[in-house]
Amino acid sequence: MDAQKIQAYGDELHHALVTCQAVAPLTDREPGITIEDAYRIQLRMVQRRLDAGETVVGKKIGVTSKIVMQMLNVDQPDFGQITSGMVYNEGEALPVAGMIAPKAEAEVAFMLKRDLMGPGVTAADVLRATECVMPCFEIVDSRIRDWKIKIQDTVADNASCGVLTLGGQRRSPRDLDLALAGMVLEKNGELVSTATGAAVQGSPVNAVAWLANTLGRLGISLKAGDVILSGSQSPLVPVQVGDSLVCSVGGLGATSVRFI
């Protein structure tokens with residue numbers, strides 16, 4: 001795909017983000033679009049946010065669990081950029097009006113204390129490089145109409161990034177087994193799902209290693225201070241005004257989010 005189309009699609013997706021007006025799937029309009037094209041579109045979309053004054057504060061890994069792959073009909077993980085404008089404080093109400101079709105994911109976030117540069121990064125390397133982990137909510141939102149996405153669509157749309165909240169309880173990942181830690185998600189006081197970290201590529205630690213190695217092949221490193229969202233351990237949960245969710249992770253604590 002030529003540079004002019006890359007820019008045009010990136011600008012279109014940014015406009016969809018700002019106006020909350022979804023667009024037709026890129027894969028319907030560009031049947032030959034590759035994942036490499038999609039990541040170039042993502043970079044253009046994110047650059048528009050940076051031009052408006054935001055900064056990149058981390059990365060998210062998407063489509064890591066089988067249940068989310070099946071729900072979105074995609075067959076591999078992806079990644080997106082987290083910018084400063086996406087981050088809300090724990091307990092801060094999230095405005096639904098600024099999103100198109102939001103869905104909540106419960107997961108574990110990593111905060112790095114040193115750089116990670118692939119290829120060759122192992123799970124042990126991730127543990128050594130991590131300052132702390134915390135429960136979090138990512139509220140994904142697709143600028144593609146009706147979530148009619150293939151992997152190229154969600155990649156171009158910055159891995160369907162919406163907003164996120166980071167739990168206030170933080171621990172070293174060396175103090176617990178994230179693969180075995182149980183996660184319970186409740187919506188409006190009712191149980192939605194239970195899972196363990198093993199649902200995410202065997203462990204959230206493995207997902208972060210995958211990201212470091214994938215980025216390393218592109219000459220990009222994860223940086224000290226970055227926040228890394230390791231991938232959903234829950235189904236995608238549609239949310240609307242008035243909803244409240246709580247996520248509890250064994251040995252790590254709980255976090256909550258409410259929508260206005």
# chains A, B, ... in the order shown; residues from 1 in each chain; ligands from 1

call {"tool": "residues_around", "arguments": {"residues": "segment 78-88 of chain A", "least_positions_apart": "5", "cutoff": "6 Å", "atoms": "only C-alpha atoms", "output": "PDB file with N, CA and C atoms, in the first residue's frame"}}
result
ATOM      1  N   GLU A  54      -0.306  14.521  23.163  1.00  0.00           N
ATOM      2  CA  GLU A  54      -0.177  13.327  23.995  1.00  0.00           C
ATOM      3  C   GLU A  54       1.226  12.729  23.866  1.00  0.00           C
ATOM      4  N   THR A  55       1.551  11.822  24.757  1.00  0.00           N
ATOM      5  CA  THR A  55       2.822  11.107  24.706  1.00  0.00           C
ATOM      6  C   THR A  55       2.559   9.607  24.792  1.00  0.00           C
ATOM      7  N   VAL A  56       3.472   8.801  24.265  1.00  0.00           N
ATOM      8  CA  VAL A  56       3.366   7.352  24.378  1.00  0.00           C
ATOM      9  C   VAL A  56       3.879   6.938  25.751  1.00  0.00           C
ATOM     10  N   VAL A  57       3.060   6.189  26.500  1.00  0.00           N
ATOM     11  CA  VAL A  57       3.429   5.776  27.858  1.00  0.00           C
ATOM     12  C   VAL A  57       3.538   4.265  27.989  1.00  0.00           C
ATOM     13  N   GLY A  58       3.299   3.537  26.900  1.00  0.00           N
ATOM     14  CA  GLY A  58       3.417   2.084  26.986  1.00  0.00           C
ATOM     15  C   GLY A  58       2.824   1.405  25.778  1.00  0.00           C
ATOM     16  N   LYS A  59       2.593   0.102  25.933  1.00  0.00           N
ATOM     17  CA  LYS A  59       2.068  -0.726  24.851  1.00  0.00           C
ATOM     18  C   LYS A  59       0.969  -1.627  25.409  1.00  0.00           C
ATOM     19  N   LYS A  60       0.092  -2.064  24.534  1.00  0.00           N
ATOM     20  CA  LYS A  60      -0.895  -3.076  24.896  1.00  0.00           C
ATOM     21  C   LYS A  60      -0.747  -4.265  23.973  1.00  0.00           C
ATOM     22  N   ILE A  61      -0.982  -5.431  24.518  1.00  0.00           N
ATOM     23  CA  ILE A  61      -1.013  -6.648  23.735  1.00  0.00           C
ATOM     24  C   ILE A  61      -2.476  -7.052  23.626  1.00  0.00           C
ATOM     25  N   GLY A  62      -2.908  -7.328  22.423  1.00  0.00           N
ATOM     26  CA  GLY A  62      -4.300  -7.691  22.212  1.00  0.00           C
ATOM     27  C   GLY A  62      -4.442  -9.078  21.626  1.00  0.00           C
ATOM     28  N   ASN A 158      -5.108   0.830  15.985  1.00  0.00           N
ATOM     29  CA  ASN A 158      -4.316   0.840  17.215  1.00  0.00           C
ATOM     30  C   ASN A 158      -4.761  -0.242  18.186  1.00  0.00           C
ATOM     31  N   ALA A 159      -4.957  -1.453  17.638  1.00  0.00           N
ATOM     32  CA  ALA A 159      -5.357  -2.611  18.443  1.00  0.00           C
ATOM     33  C   ALA A 159      -6.629  -2.341  19.243  1.00  0.00           C
ATOM     34  N   VAL A 163      -9.608   3.283  26.466  1.00  0.00           N
ATOM     35  CA  VAL A 163      -9.017   3.887  27.655  1.00  0.00           C
ATOM     36  C   VAL A 163      -8.698   2.780  28.649  1.00  0.00           C
ATOM     37  N   LEU A 164      -8.025   3.143  29.741  1.00  0.00           N
ATOM     38  CA  LEU A 164      -7.663   2.126  30.726  1.00  0.00           C
ATOM     39  C   LEU A 164      -7.552   2.734  32.105  1.00  0.00           C
ATOM     40  N   THR A 165      -7.699   1.869  33.113  1.00  0.00           N
ATOM     41  CA  THR A 165      -7.455   2.250  34.499  1.00  0.00           C
ATOM     42  C   THR A 165      -6.481   1.240  35.096  1.00  0.00           C
TER      43      THR A 165
END

call {"tool": "residues_around", "arguments": {"residues": "Trp210 of chain A", "least_positions_apart": "5", "cutoff": "9 Å", "atoms": "only C-alpha atoms", "output": "list in words"}}
result
Gly118, Val121, Thr122, Val205 and Leu215 of chain A

call {"tool": "residues_around", "arguments": {"residues": "Cys132 of chain A", "least_positions_apart": "2", "cutoff": "8 Å", "atoms": "only C-alpha atoms", "output": "list of chain:residue names"}}
result
A:Phe110, A:Met111, A:Leu112, A:Thr130, A:Met134, A:Arg170, A:Arg171, A:Ser172, A:Pro173

call {"tool": "write_last_selection", "arguments": {"atoms": "N, CA and C atoms", "output": "PDB file, in the first residue's frame"}}
result
ATOM      1  N   PHE A 110       1.855  -4.555  33.523  1.00  0.00           N
ATOM      2  CA  PHE A 110       3.241  -4.575  33.972  1.00  0.00           C
ATOM      3  C   PHE A 110       3.799  -3.158  33.876  1.00  0.00           C
ATOM      4  N   MET A 111       4.626  -2.775  34.848  1.00  0.00           N
ATOM      5  CA  MET A 111       5.376  -1.529  34.753  1.00  0.00           C
ATOM      6  C   MET A 111       6.858  -1.880  34.790  1.00  0.00           C
ATOM      7  N   LEU A 112       7.595  -1.443  33.771  1.00  0.00           N
ATOM      8  CA  LEU A 112       8.995  -1.833  33.633  1.00  0.00           C
ATOM      9  C   LEU A 112       9.922  -0.892  34.397  1.00  0.00           C
ATOM     10  N   THR A 130      10.769  -6.082  35.326  1.00  0.00           N
ATOM     11  CA  THR A 130       9.491  -5.529  35.770  1.00  0.00           C
ATOM     12  C   THR A 130       9.586  -4.964  37.179  1.00  0.00           C
ATOM     13  N   MET A 134      -0.013  -5.029  38.331  1.00  0.00           N
ATOM     14  CA  MET A 134      -1.230  -4.559  38.979  1.00  0.00           C
ATOM     15  C   MET A 134      -2.437  -5.014  38.172  1.00  0.00           C
ATOM     16  N   ARG A 170      -0.086  -2.786  43.923  1.00  0.00           N
ATOM     17  CA  ARG A 170       1.011  -3.194  43.041  1.00  0.00           C
ATOM     18  C   ARG A 170       1.965  -4.112  43.786  1.00  0.00           C
ATOM     19  N   ARG A 171       2.412  -5.149  43.065  1.00  0.00           N
ATOM     20  CA  ARG A 171       3.329  -6.121  43.661  1.00  0.00           C
ATOM     21  C   ARG A 171       4.386  -6.515  42.651  1.00  0.00           C
ATOM     22  N   SER A 172       5.480  -7.031  43.165  1.00  0.00           N
ATOM     23  CA  SER A 172       6.503  -7.579  42.284  1.00  0.00           C
ATOM     24  C   SER A 172       5.987  -8.873  41.677  1.00  0.00           C
ATOM     25  N   PRO A 173       6.196  -9.093  40.373  1.00  0.00           N
ATOM     26  CA  PRO A 173       5.747 -10.351  39.763  1.00  0.00           C
ATOM     27  C   PRO A 173       6.549 -11.549  40.247  1.00  0.00           C
TER      28      PRO A 173
END

call {"tool": "closest_residue", "arguments": {"among": "A:Gly242, A:Gly216, A:Gly53, A:Gly250", "to": "Thr196 of chain A", "atoms": "only C-alpha atoms"}}
result
A:Gly250

call {"tool": "residues_around", "arguments": {"residues": "Ser232 of chain A", "least_positions_apart": "5", "cutoff": "7 Å", "atoms": "only C-alpha atoms", "output": "list of chain:residue names"}}
result
A:Thr64, A:Ser65, A:Glu105, A:Ala106, A:Glu107

call {"tool": "write_last_selection", "arguments": {"atoms": "C-alpha atoms", "output": "mmCIF file, in the first residue's frame"}}
result
data_model
loop_
_atom_site.group_PDB
_atom_site.id
_atom_site.type_symbol
_atom_site.label_atom_id
_atom_site.label_comp_id
_atom_site.auth_asym_id
_atom_site.auth_seq_id
_atom_site.Cartn_x
_atom_site.Cartn_y
_atom_site.Cartn_z
ATOM 1 C CA THR A 64 -3.890 -13.107 23.430
ATOM 2 C CA SER A 65 -6.503 -15.553 24.703
ATOM 3 C CA GLU A 105 -11.362 -6.370 29.491
ATOM 4 C CA ALA A 106 -9.831 -7.406 32.799
ATOM 5 C CA GLU A 107 -6.113 -8.069 32.746
#

call {"tool": "closest_residue", "arguments": {"among": "A:Gln42, A:Thr34, A:Ser256, A:Gln4", "to": "Ser160 of chain A", "atoms": "only C-alpha atoms"}}
result
A:Gln42

call {"tool": "closest_residue", "arguments": {"among": "A:Ala3, A:Val257, A:Leu26, A:Ala212", "to": "Gly120 of chain A", "atoms": "only C-alpha atoms"}}
result
A:Ala212
